$ cat start_31.pdb   # PDB, C-alpha atoms
ATOM      1  CA  ASP A   1      46.428  23.475 -37.026
ATOM      2  CA  ARG A   2      46.702  24.216 -40.699
ATOM      3  CA  PHE A   3      48.113  21.334 -42.743
ATOM      4  CA  LYS A   4      49.388  20.789 -46.280
ATOM      5  CA  GLN A   5      48.207  18.230 -48.816
ATOM      6  CA  ALA A   6      50.739  15.869 -50.363
ATOM      7  CA  GLU A   7      49.396  16.685 -53.828
ATOM      8  CA  THR A   8      49.736  20.351 -54.777
ATOM      9  CA  GLY A   9      48.860  22.556 -57.732
ATOM     10  CA  ASN A  10      45.703  24.107 -59.190
ATOM     11  CA  THR A  11      44.599  20.868 -60.877
ATOM     12  CA  ARG A  12      45.023  18.409 -57.991
ATOM     13  CA  SER A  13      42.409  15.673 -57.712
ATOM     14  CA  GLN A  14      41.414  16.554 -54.132
ATOM     15  CA  GLY A  15      40.215  20.040 -53.250
ATOM     16  CA  GLY A  16      40.855  22.078 -50.138
ATOM     17  CA  LEU A  17      43.605  24.269 -48.740
ATOM     18  CA  GLY A  18      44.249  22.502 -45.422
ATOM     19  CA  LEU A  19      42.371  25.164 -43.468
ATOM     20  CA  GLY A  20      38.940  23.607 -43.012
ATOM     21  CA  LEU A  21      39.576  21.631 -39.838
ATOM     22  CA  ALA A  22      41.438  24.457 -38.123
ATOM     23  CA  ILE A  23      38.686  26.959 -38.980
ATOM     24  CA  SER A  24      35.973  24.491 -37.909
ATOM     25  CA  LEU A  25      37.680  23.925 -34.552
ATOM     26  CA  HIS A  26      37.998  27.676 -33.968
ATOM     27  CA  LEU A  27      34.299  28.274 -34.753
ATOM     28  CA  VAL A  28      33.222  25.397 -32.512
ATOM     29  CA  GLU A  29      35.349  26.676 -29.627
ATOM     30  CA  LEU A  30      33.801  30.149 -30.024
ATOM     31  CA  HIS A  31      30.460  28.447 -29.341
ATOM     32  CA  ARG A  32      31.918  26.676 -26.282
ATOM     33  CA  GLY A  33      31.750  23.308 -28.014
ATOM     34  CA  SER A  34      34.199  20.575 -28.917
ATOM     35  CA  LEU A  35      35.276  18.885 -32.137
ATOM     36  CA  ASP A  36      36.914  15.450 -32.140
ATOM     37  CA  ALA A  37      38.276  13.416 -35.043
ATOM     38  CA  TYR A  38      38.774   9.643 -35.161
ATOM     39  CA  SER A  39      40.177   7.195 -37.698
ATOM     40  CA  GLU A  40      40.972   3.474 -37.514
ATOM     41  CA  GLY A  41      43.798   3.895 -40.021
ATOM     42  CA  GLU A  42      44.541   4.479 -43.683
ATOM     43  CA  GLY A  43      41.685   3.526 -45.961
ATOM     44  CA  ARG A  44      39.249   3.201 -43.044
ATOM     45  CA  GLY A  45      37.708   6.681 -43.277
ATOM     46  CA  SER A  46      37.311   9.310 -40.581
ATOM     47  CA  SER A  47      34.623  10.344 -38.131
ATOM     48  CA  PHE A  48      34.181  13.879 -36.852
ATOM     49  CA  VAL A  49      32.090  14.501 -33.749
ATOM     50  CA  LEU A  50      30.806  18.002 -33.068
ATOM     51  CA  THR A  51      29.378  18.763 -29.639
ATOM     52  CA  LEU A  52      27.648  22.067 -28.894
ATOM     53  CA  PRO A  53      25.884  23.241 -25.719
ATOM     54  CA  LEU A  54      22.121  23.718 -25.914
ATOM     55  CA  ALA A  55      21.040  27.303 -26.503
ATOM     56  CA  PRO A  56      18.863  28.918 -23.816
ATOM     57  CA  VAL A  57      15.132  29.084 -24.531
ATOM     58  CA  VAL A  58      14.196  32.596 -25.664
ATOM     59  CA  LYS A  59      10.734  34.003 -25.031
ATOM     60  CA  GLY A  60       9.186  36.283 -27.627
ATOM     61  CA  PRO A  61      10.079  36.844 -31.288
ATOM     62  CA  ILE A  62      13.197  35.195 -32.666
ATOM     63  CA  LEU A  63      15.849  37.543 -33.986
ATOM     64  CA  GLY A  64      16.100  37.216 -37.724
ATOM     65  CA  SER A  65      12.414  36.383 -38.172
ATOM     66  CA  SER A  66      10.509  38.376 -40.752
ATOM     67  CA  ALA A  67       8.611  40.178 -37.985
ATOM     68  CA  VAL A  68      11.862  41.576 -36.588
ATOM     69  CA  ARG A  69      14.109  42.053 -39.598
ATOM     70  CA  GLY A  70      11.617  43.806 -41.865
ATOM     71  CA  PRO A  71      11.807  42.997 -45.577
ATOM     72  CA  GLY A  72      13.063  39.463 -46.117
ATOM     73  CA  VAL A  73      15.920  38.384 -48.344
ATOM     74  CA  GLU A  74      13.313  37.225 -50.824
ATOM     75  CA  ASP A  75      12.528  40.895 -51.467
ATOM     76  CA  ARG A  76      16.074  41.670 -52.668
ATOM     77  CA  LYS A  77      16.235  41.190 -56.420
ATOM     78  CA  GLU A  78      19.278  43.214 -57.465
ATOM     79  CA  LEU A  79      20.249  40.528 -59.992
ATOM     80  CA  GLU A  80      16.746  39.922 -61.397
ATOM     81  CA  GLY A  81      16.867  37.724 -64.499
ATOM     82  CA  LEU A  82      20.666  37.623 -64.881
ATOM     83  CA  ARG A  83      21.985  34.260 -66.098
ATOM     84  CA  VAL A  84      25.135  33.344 -64.142
ATOM     85  CA  LEU A  85      27.394  30.375 -64.886
ATOM     86  CA  VAL A  86      29.028  29.122 -61.666
ATOM     87  CA  VAL A  87      32.110  26.900 -62.105
ATOM     88  CA  ASP A  88      33.466  25.170 -58.998
ATOM     89  CA  ALA A  89      34.704  21.645 -58.323
ATOM     90  CA  GLU A  90      33.175  21.581 -54.825
ATOM     91  CA  GLN A  91      29.452  20.810 -54.583
ATOM     92  CA  ASP A  92      29.043  22.827 -51.371
ATOM     93  CA  ALA A  93      30.655  25.876 -52.940
ATOM     94  CA  ARG A  94      28.496  25.592 -56.071
ATOM     95  CA  ASP A  95      25.363  25.276 -53.955
ATOM     96  CA  ARG A  96      26.240  28.210 -51.718
ATOM     97  CA  VAL A  97      27.017  30.598 -54.577
ATOM     98  CA  SER A  98      24.000  29.421 -56.583
ATOM     99  CA  ASN A  99      21.647  29.856 -53.627
ATOM    100  CA  LEU A 100      23.004  33.307 -52.879
ATOM    101  CA  LEU A 101      22.569  34.379 -56.498
ATOM    102  CA  SER A 102      19.043  32.930 -56.623
ATOM    103  CA  VAL A 103      18.028  34.861 -53.497
ATOM    104  CA  HIS A 104      18.992  38.047 -55.317
ATOM    105  CA  GLY A 105      17.005  37.184 -58.442
ATOM    106  CA  ALA A 106      19.703  35.647 -60.660
ATOM    107  CA  ILE A 107      19.279  32.413 -62.614
ATOM    108  CA  PRO A 108      22.405  30.356 -61.825
ATOM    109  CA  ILE A 109      23.589  27.200 -63.526
ATOM    110  CA  ALA A 110      26.436  25.388 -61.771
ATOM    111  CA  VAL A 111      29.033  23.016 -63.227
ATOM    112  CA  GLN A 112      32.166  21.363 -61.853
ATOM    113  CA  SER A 113      34.720  21.303 -64.670
ATOM    114  CA  VAL A 114      36.145  23.322 -67.552
ATOM    115  CA  ALA A 115      34.679  20.920 -70.133
ATOM    116  CA  ASP A 116      31.194  21.262 -68.614
ATOM    117  CA  ALA A 117      31.604  25.020 -68.393
ATOM    118  CA  LEU A 118      32.542  25.386 -72.069
ATOM    119  CA  ASP A 119      29.597  23.224 -73.146
ATOM    120  CA  THR A 120      27.248  25.181 -70.910
ATOM    121  CA  LEU A 121      28.596  28.526 -72.106
ATOM    122  CA  ALA A 122      27.630  27.662 -75.673
ATOM    123  CA  LEU A 123      24.123  26.452 -74.763
ATOM    124  CA  TYR A 124      23.217  28.708 -71.858
ATOM    125  CA  ARG A 125      24.778  32.011 -72.997
ATOM    126  CA  PRO A 126      25.183  33.442 -69.486
ATOM    127  CA  ASP A 127      25.382  37.143 -68.734
ATOM    128  CA  VAL A 128      28.210  36.577 -66.219
ATOM    129  CA  VAL A 129      30.655  33.774 -65.355
ATOM    130  CA  ILE A 130      31.891  33.112 -61.802
ATOM    131  CA  SER A 131      34.689  30.532 -61.749
ATOM    132  CA  ASP A 132      37.002  28.984 -59.208
ATOM    133  CA  ILE A 133      40.683  28.675 -60.136
ATOM    134  CA  GLY A 134      41.419  25.274 -58.554
ATOM    135  CA  LEU A 135      39.521  22.930 -60.882
ATOM    136  CA  PRO A 136      40.234  19.270 -61.751
ATOM    137  CA  GLY A 137      42.047  18.562 -65.007
ATOM    138  CA  GLU A 138      42.209  22.136 -66.297
ATOM    139  CA  ASP A 139      42.358  25.117 -63.966
ATOM    140  CA  GLY A 140      40.358  28.339 -64.046
ATOM    141  CA  TYR A 141      43.133  30.250 -65.809
ATOM    142  CA  SER A 142      43.026  27.810 -68.729
ATOM    143  CA  PHE A 143      39.228  28.035 -68.763
ATOM    144  CA  ILE A 144      39.051  31.803 -69.116
ATOM    145  CA  ARG A 145      41.817  31.840 -71.745
ATOM    146  CA  ARG A 146      39.789  29.348 -73.787
ATOM    147  CA  VAL A 147      36.659  31.472 -73.372
ATOM    148  CA  ARG A 148      38.476  34.574 -74.610
ATOM    149  CA  GLN A 149      39.613  32.667 -77.723
ATOM    150  CA  LEU A 150      36.047  31.756 -78.737
ATOM    151  CA  PRO A 151      34.273  33.646 -81.524
ATOM    152  CA  THR A 152      32.408  36.686 -80.216
ATOM    153  CA  GLU A 153      29.023  35.171 -80.989
ATOM    154  CA  GLN A 154      29.930  32.131 -78.863
ATOM    155  CA  GLY A 155      30.665  34.118 -75.726
ATOM    156  CA  ALA A 156      34.262  35.372 -75.954
ATOM    157  CA  GLY A 157      33.320  38.664 -74.306
ATOM    158  CA  THR A 158      31.261  37.228 -71.442
ATOM    159  CA  PRO A 159      32.135  39.163 -68.264
ATOM    160  CA  ALA A 160      33.843  36.905 -65.721
ATOM    161  CA  ALA A 161      35.125  36.945 -62.155
ATOM    162  CA  ALA A 162      37.517  34.522 -60.477
ATOM    163  CA  LEU A 163      36.125  33.377 -57.114
ATOM    164  CA  THR A 164      39.065  31.688 -55.432
ATOM    165  CA  ALA A 165      40.993  30.927 -52.272
ATOM    166  CA  TYR A 166      44.189  31.954 -54.091
ATOM    167  CA  THR A 167      44.230  35.508 -52.771
ATOM    168  CA  SER A 168      47.743  36.922 -53.005
ATOM    169  CA  ALA A 169      48.506  39.976 -55.134
ATOM    170  CA  GLU A 170      50.245  37.668 -57.617
ATOM    171  CA  ASP A 171      47.171  35.407 -57.802
ATOM    172  CA  ARG A 172      44.941  38.418 -58.432
ATOM    173  CA  MET A 173      47.228  39.698 -61.167
ATOM    174  CA  GLN A 174      47.412  36.253 -62.783
ATOM    175  CA  ALA A 175      43.607  36.043 -62.845
ATOM    176  CA  LEU A 176      43.275  39.469 -64.469
ATOM    177  CA  VAL A 177      45.982  38.756 -67.027
ATOM    178  CA  ALA A 178      44.343  35.437 -67.916
ATOM    179  CA  GLY A 179      41.110  37.231 -68.815
ATOM    180  CA  TYR A 180      38.941  37.706 -65.709
ATOM    181  CA  GLN A 181      37.673  41.226 -65.113
ATOM    182  CA  MET A 182      37.485  40.775 -61.339
ATOM    183  CA  HIS A 183      39.000  38.647 -58.557
ATOM    184  CA  ILE A 184      36.899  37.705 -55.511
ATOM    185  CA  PRO A 185      38.569  35.985 -52.535
ATOM    186  CA  LYS A 186      37.081  32.970 -50.773
ATOM    187  CA  PRO A 187      35.364  32.582 -48.417
ATOM    188  CA  VAL A 188      32.773  34.461 -50.437
ATOM    189  CA  ASP A 189      31.379  37.689 -49.041
ATOM    190  CA  SER A 190      27.747  37.846 -50.125
ATOM    191  CA  VAL A 191      27.645  41.634 -50.525
ATOM    192  CA  GLN A 192      30.837  41.641 -52.599
ATOM    193  CA  LEU A 193      29.616  38.763 -54.786
ATOM    194  CA  VAL A 194      26.273  40.402 -55.541
ATOM    195  CA  ALA A 195      27.925  43.764 -56.253
ATOM    196  CA  THR A 196      30.499  42.112 -58.511
ATOM    197  CA  VAL A 197      27.894  40.245 -60.567
ATOM    198  CA  ALA A 198      25.770  43.386 -60.882
ATOM    199  CA  ASN A 199      28.765  45.466 -61.985
ATOM    200  CA  LEU A 200      29.949  42.881 -64.490
ATOM    201  CA  ALA A 201      26.483  42.559 -65.998
TER
END
$ encode --input "start_31.pdb" --output "structure tokens"
Amino acid sequence: DRFKQAETGNTRSQGGLGLGLAISLHLVELHRGSLDAYSEGEGRGSSFVLTLPLAPVVKGPILGSSAVRGPGVEDRKELEGLRVLVVDAEQDARDRVSNLLSVHGAIPIAVQSVADALDTLALYRPDVVISDIGLPGEDGYSFIRRVRQLPTEQGAGTPAAALTAYTSAEDRMQALVAGYQMHIPKPVDSVQLVATVANLA
């Protein structure tokens, strides 16, 4: 079941929304598997055991292979040459967004904090910024407000989208008021992300 973290707020030290385990369990059960969690107590860590049934052996071409699907993802270069700054506290999220952008021809650079993002903005001069809202120390709202206060030649007008799990109408409005041009809900939809970056650029 969904759970809540003791520490709340956009700048909490630990990420997550309390949905990961519940979603993982649901996905595993859809595949007729099981997911078990164990811990020996506070401070002793946790172990998660995922069990999935073996897939049947399929003769012939594998679905999704280049022979079946036609042009591969490597042929899609809608974002060719665009420099995209990706700001997210979670390594997995940074990697996923960066990989997706790379597949479509973009040149991503990923950082985990507002301080790193501001330094990178000055050096890297990205065409587009994609930033999470829940960041450590300073949140994504503070980040984009600081960007908009920079001199024009230092990137004040850089197009930006908030990519966040905060998805209510109020969250969207807050992101737009803070200075983002677009609001993209997590989990990221690859088609929406690519279209957003292309439109912003």
$ atom_distance --input "start_31.pdb" --atom1 "CA of Ile133 in chain A" --atom2 "CA of Ala22 in chain A"
22.4 Å
$ residues_around --input "start_31.pdb" --residues "Leu193 in chain A" --least-positions-apart "6" --cutoff "9 Å" --atoms "all atoms listed in the file" --output "short mmCIF file (atom, residue, chain, number, x, y, z; two decimals) with C-alpha atoms, in the frame of the given file"
data_model
loop_
_atom_site.label_atom_id
_atom_site.label_comp_id
_atom_site.auth_asym_id
_atom_site.auth_seq_id
_atom_site.Cartn_x
_atom_site.Cartn_y
_atom_site.Cartn_z
CA VAL A 97 27.02 30.60 -54.58
CA LEU A 100 23.00 33.31 -52.88
CA LEU A 101 22.57 34.38 -56.50
CA LEU A 163 36.12 33.38 -57.11
CA ILE A 184 36.90 37.70 -55.51
#
$ resolve_selection --input "start_31.pdb" --expression "the PyMOL selection byres ((chain A and resi 186) around 8)" --output "list in words"
Leu163, Thr164, Ala165, Tyr166, Thr167, Ile184, Pro185, Pro187, Val188 and Asp189 of chain A
$ resolve_selection --input "start_31.pdb" --expression "the PyMOL selection byres ((chain A and resi 78) around 12)" --output "PyMOL selection string"
chain A and resi 73-77+79-82+100-107+191+193-199+201
$ atom_distance --input "start_31.pdb" --atom1 "CA of Ala156 in chain A" --atom2 "CA of Ala110 in chain A"
19.0 Å
$ atom_distance --input "start_31.pdb" --atom1 "CA of Ala117 in chain A" --atom2 "CA of Gln149 in chain A"
14.5 Å
$ closest_residue --input "start_31.pdb" --among "A:Ser168, A:Ser113, A:Ser39, A:Gln181" --to "Arg148 in chain A" --atoms "all atoms listed in the file"
A:Gln181
$ resolve_selection --input "start_31.pdb" --expression "the PyMOL selection byres ((chain A and resi 125) around 10)" --output "PyMOL selection string"
chain A and resi 83-85+120-124+126-129+153-155+158
$ closest_residue --input "start_31.pdb" --among "A:Tyr141, A:Gly157, A:Phe48, A:Asp92" --to "Met173 in chain A" --atoms "all atoms listed in the file"
A:Tyr141
$ closest_residue --input "start_31.pdb" --among "A:Ala89, A:Leu21, A:Asp171, A:Ala37" --to "Gly137 in chain A" --atoms "all atoms listed in the file"
A:Ala89
$ residues_near_point --input "start_31.pdb" --point "(42.7, 28.6, -62.9)" --cutoff "12 Å" --atoms "all atoms listed in the file" --output "number ranges by chain"
A: 9-12, 87-89, 113-114, 130-146, 161-166, 171-172, 174-180, 183
$ write_last_selection --input "start_31.pdb" --atoms "C-alpha atoms" --output "PDB file, keeping the file's coordinate frame"
ATOM      1  CA  GLY A   9      48.860  22.556 -57.732  1.00  0.00           C
ATOM      2  CA  ASN A  10      45.703  24.107 -59.190  1.00  0.00           C
ATOM      3  CA  THR A  11      44.599  20.868 -60.877  1.00  0.00           C
ATOM      4  CA  ARG A  12      45.023  18.409 -57.991  1.00  0.00           C
ATOM      5  CA  VAL A  87      32.110  26.900 -62.105  1.00  0.00           C
ATOM      6  CA  ASP A  88      33.466  25.170 -58.998  1.00  0.00           C
ATOM      7  CA  ALA A  89      34.704  21.645 -58.323  1.00  0.00           C
ATOM      8  CA  SER A 113      34.720  21.303 -64.670  1.00  0.00           C
ATOM      9  CA  VAL A 114      36.145  23.322 -67.552  1.00  0.00           C
ATOM     10  CA  ILE A 130      31.891  33.112 -61.802  1.00  0.00           C
ATOM     11  CA  SER A 131      34.689  30.532 -61.749  1.00  0.00           C
ATOM     12  CA  ASP A 132      37.002  28.984 -59.208  1.00  0.00           C
ATOM     13  CA  ILE A 133      40.683  28.675 -60.136  1.00  0.00           C
ATOM     14  CA  GLY A 134      41.419  25.274 -58.554  1.00  0.00           C
ATOM     15  CA  LEU A 135      39.521  22.930 -60.882  1.00  0.00           C
ATOM     16  CA  PRO A 136      40.234  19.270 -61.751  1.00  0.00           C
ATOM     17  CA  GLY A 137      42.047  18.562 -65.007  1.00  0.00           C
ATOM     18  CA  GLU A 138      42.209  22.136 -66.297  1.00  0.00           C
ATOM     19  CA  ASP A 139      42.358  25.117 -63.966  1.00  0.00           C
ATOM     20  CA  GLY A 140      40.358  28.339 -64.046  1.00  0.00           C
ATOM     21  CA  TYR A 141      43.133  30.250 -65.809  1.00  0.00           C
ATOM     22  CA  SER A 142      43.026  27.810 -68.729  1.00  0.00           C
ATOM     23  CA  PHE A 143      39.228  28.035 -68.763  1.00  0.00           C
ATOM     24  CA  ILE A 144      39.051  31.803 -69.116  1.00  0.00           C
ATOM     25  CA  ARG A 145      41.817  31.840 -71.745  1.00  0.00           C
ATOM     26  CA  ARG A 146      39.789  29.348 -73.787  1.00  0.00           C
ATOM     27  CA  ALA A 161      35.125  36.945 -62.155  1.00  0.00           C
ATOM     28  CA  ALA A 162      37.517  34.522 -60.477  1.00  0.00           C
ATOM     29  CA  LEU A 163      36.125  33.377 -57.114  1.00  0.00           C
ATOM     30  CA  THR A 164      39.065  31.688 -55.432  1.00  0.00           C
ATOM     31  CA  ALA A 165      40.993  30.927 -52.272  1.00  0.00           C
ATOM     32  CA  TYR A 166      44.189  31.954 -54.091  1.00  0.00           C
ATOM     33  CA  ASP A 171      47.171  35.407 -57.802  1.00  0.00           C
ATOM     34  CA  ARG A 172      44.941  38.418 -58.432  1.00  0.00           C
ATOM     35  CA  GLN A 174      47.412  36.253 -62.783  1.00  0.00           C
ATOM     36  CA  ALA A 175      43.607  36.043 -62.845  1.00  0.00           C
ATOM     37  CA  LEU A 176      43.275  39.469 -64.469  1.00  0.00           C
ATOM     38  CA  VAL A 177      45.982  38.756 -67.027  1.00  0.00           C
ATOM     39  CA  ALA A 178      44.343  35.437 -67.916  1.00  0.00           C
ATOM     40  CA  GLY A 179      41.110  37.231 -68.815  1.00  0.00           C
ATOM     41  CA  TYR A 180      38.941  37.706 -65.709  1.00  0.00           C
ATOM     42  CA  HIS A 183      39.000  38.647 -58.557  1.00  0.00           C
TER      43      HIS A 183
END
$ closest_residue --input "start_31.pdb" --among "A:Ser24, A:Val147, A:Ala160, A:Tyr38" --to "Ala115 in chain A" --atoms "all atoms listed in the file"
A:Val147
